[in-house]
Amino acid sequence: MRKLIITISLVFLMAILNVNAQQDFSFAAVDSQSYALYQKADWRGLLAYGKLAIANKQDFLLLRLRTGYAAFMVENYSEAIKHYEAVLREDKYNITAHYFIYWSRVNLGQPELAMAEVKFIAKDSIDEKKLKPSAVTGVETEFSIKRTSTRLRKNPFYARIGLTNRFNQSFHMTQSVATYQQQINEPLLTFVSNNEKININQFEYYNRLMLNLDRHWQVKGAYHYLNTPFNNYTYKNHLLLLGVKYNGNYFDLQADAVIGKLTDTATKQYNLQLGLYPSGNLNLYSFSTVMLRQQGSTAFNFRQVIGTKLVKEVWLEGNITLGEFRNLVENDALYVYHAIDPNTMKAGVTSYILFGGKTTLQIGYTYEKRRLFNTTNEFQQHSITGGLSWKF
């Protein structure tokens, strides 16, 4: 029986190889067949045939344009970029290639990188606002209501408002101001006056600059200032981030370093993040981040984010951060976790709902397990997060 199965498999494989060997991959045949599939709007068939023809050493500009368009129409934007970039290697001013790379990057959630194509696109083919060298590009708001399970910590509140703009097609800036408010009772903080009622009214300012070096490479720099009062003490915290990011077609890779001072203590954090887009779009995506922290001792953390498109215009995203931490930064140093109580676990889920292509509603839940300052006693913190963002 085993020999029979092996024999049938070999016959089937030889039949496939024989079909491919007999198929005509001459220029005339490939040009004719790819054009016929294009005329019929058989996008999946055209994409499969175009990739097969290229694998069989038949590669020319019209085939790449048709295959790239087929990939775009089936929403495989990563594959579309790959073929349109092949077009640009032969014709670097090809308007069609630049146009569809622009929209592919936008649909992959990379609007800053998309702007690298604007100078090559016909002025009447996209919104005139996109052609302006400098412009305000978006506004976002975010708030989080938290609930703790210990009487020693009152329920915290976090709110943030942000603004994004560009100075030209390559230079982009994101700014935000935020507040974190909480009242805590911590008898172990003997140097703090009235330590049974410590009011934390933290103010934050954040600024991130992003520079496109070319169609794939970006440089990032960020500054985060936090003013944290502890009754008779006030901590002025400063963080600086510098990073570089490579945006591939089905993946991106970012390496960055954060240095600064948190609660009068020098801190360093080194991050390496891998983003994956296995279907060439945002129907399924993943971000995996390894974080190495140095603050006296060395510690590792791992953060995993997985998102999927549930239905049209609705995404669901889950995240988890593994490893105990205190003084941890995430999302290009936008979020800083520097409470006196160490986190032993953090996980959450967030839903994103898109309205009209420009407005996004964010609703999320985060669970944190924490340990009270200088004790072994653990408590839980539950957060409900909401937000709205508008793109112009």
# chains A, B, ... in the order shown; residues from 1 in each chain; ligands from 1
call {"tool": "residues_around", "arguments": {"residues": "Asn247 in chain A", "least_positions_apart": "6", "cutoff": "7 Å", "atoms": "only C-alpha atoms", "output": "list in words"}}
result
His216, Trp217 and Leu253 of chain A
call {"tool": "select_by_dssp", "arguments": {"residues": "range 48-197 of chain A", "states": "strand (DSSP E or B)", "output": "MDAnalysis selection string"}}
result
chainID A and resid 135:148 153 157:166 171:184
call {"tool": "residues_around", "arguments": {"residues": "range 270-282 of chain A", "least_positions_apart": "4", "cutoff": "6 Å", "atoms": "only C-alpha atoms", "output": "ChimeraX atom specification"}}
result
/A:76-78,108,250-257,286-292
call {"tool": "atom_distance", "arguments": {"atom1": "CA of Leu211 in chain A", "atom2": "CA of Gly356 in chain A"}}
result
28.5 Å
call {"tool": "closest_residue", "arguments": {"among": "A:Ser144, A:Gln169, A:Ser134, A:Thr321", "to": "Glu117 in chain A", "atoms": "only C-alpha atoms"}}
result
A:Gln169
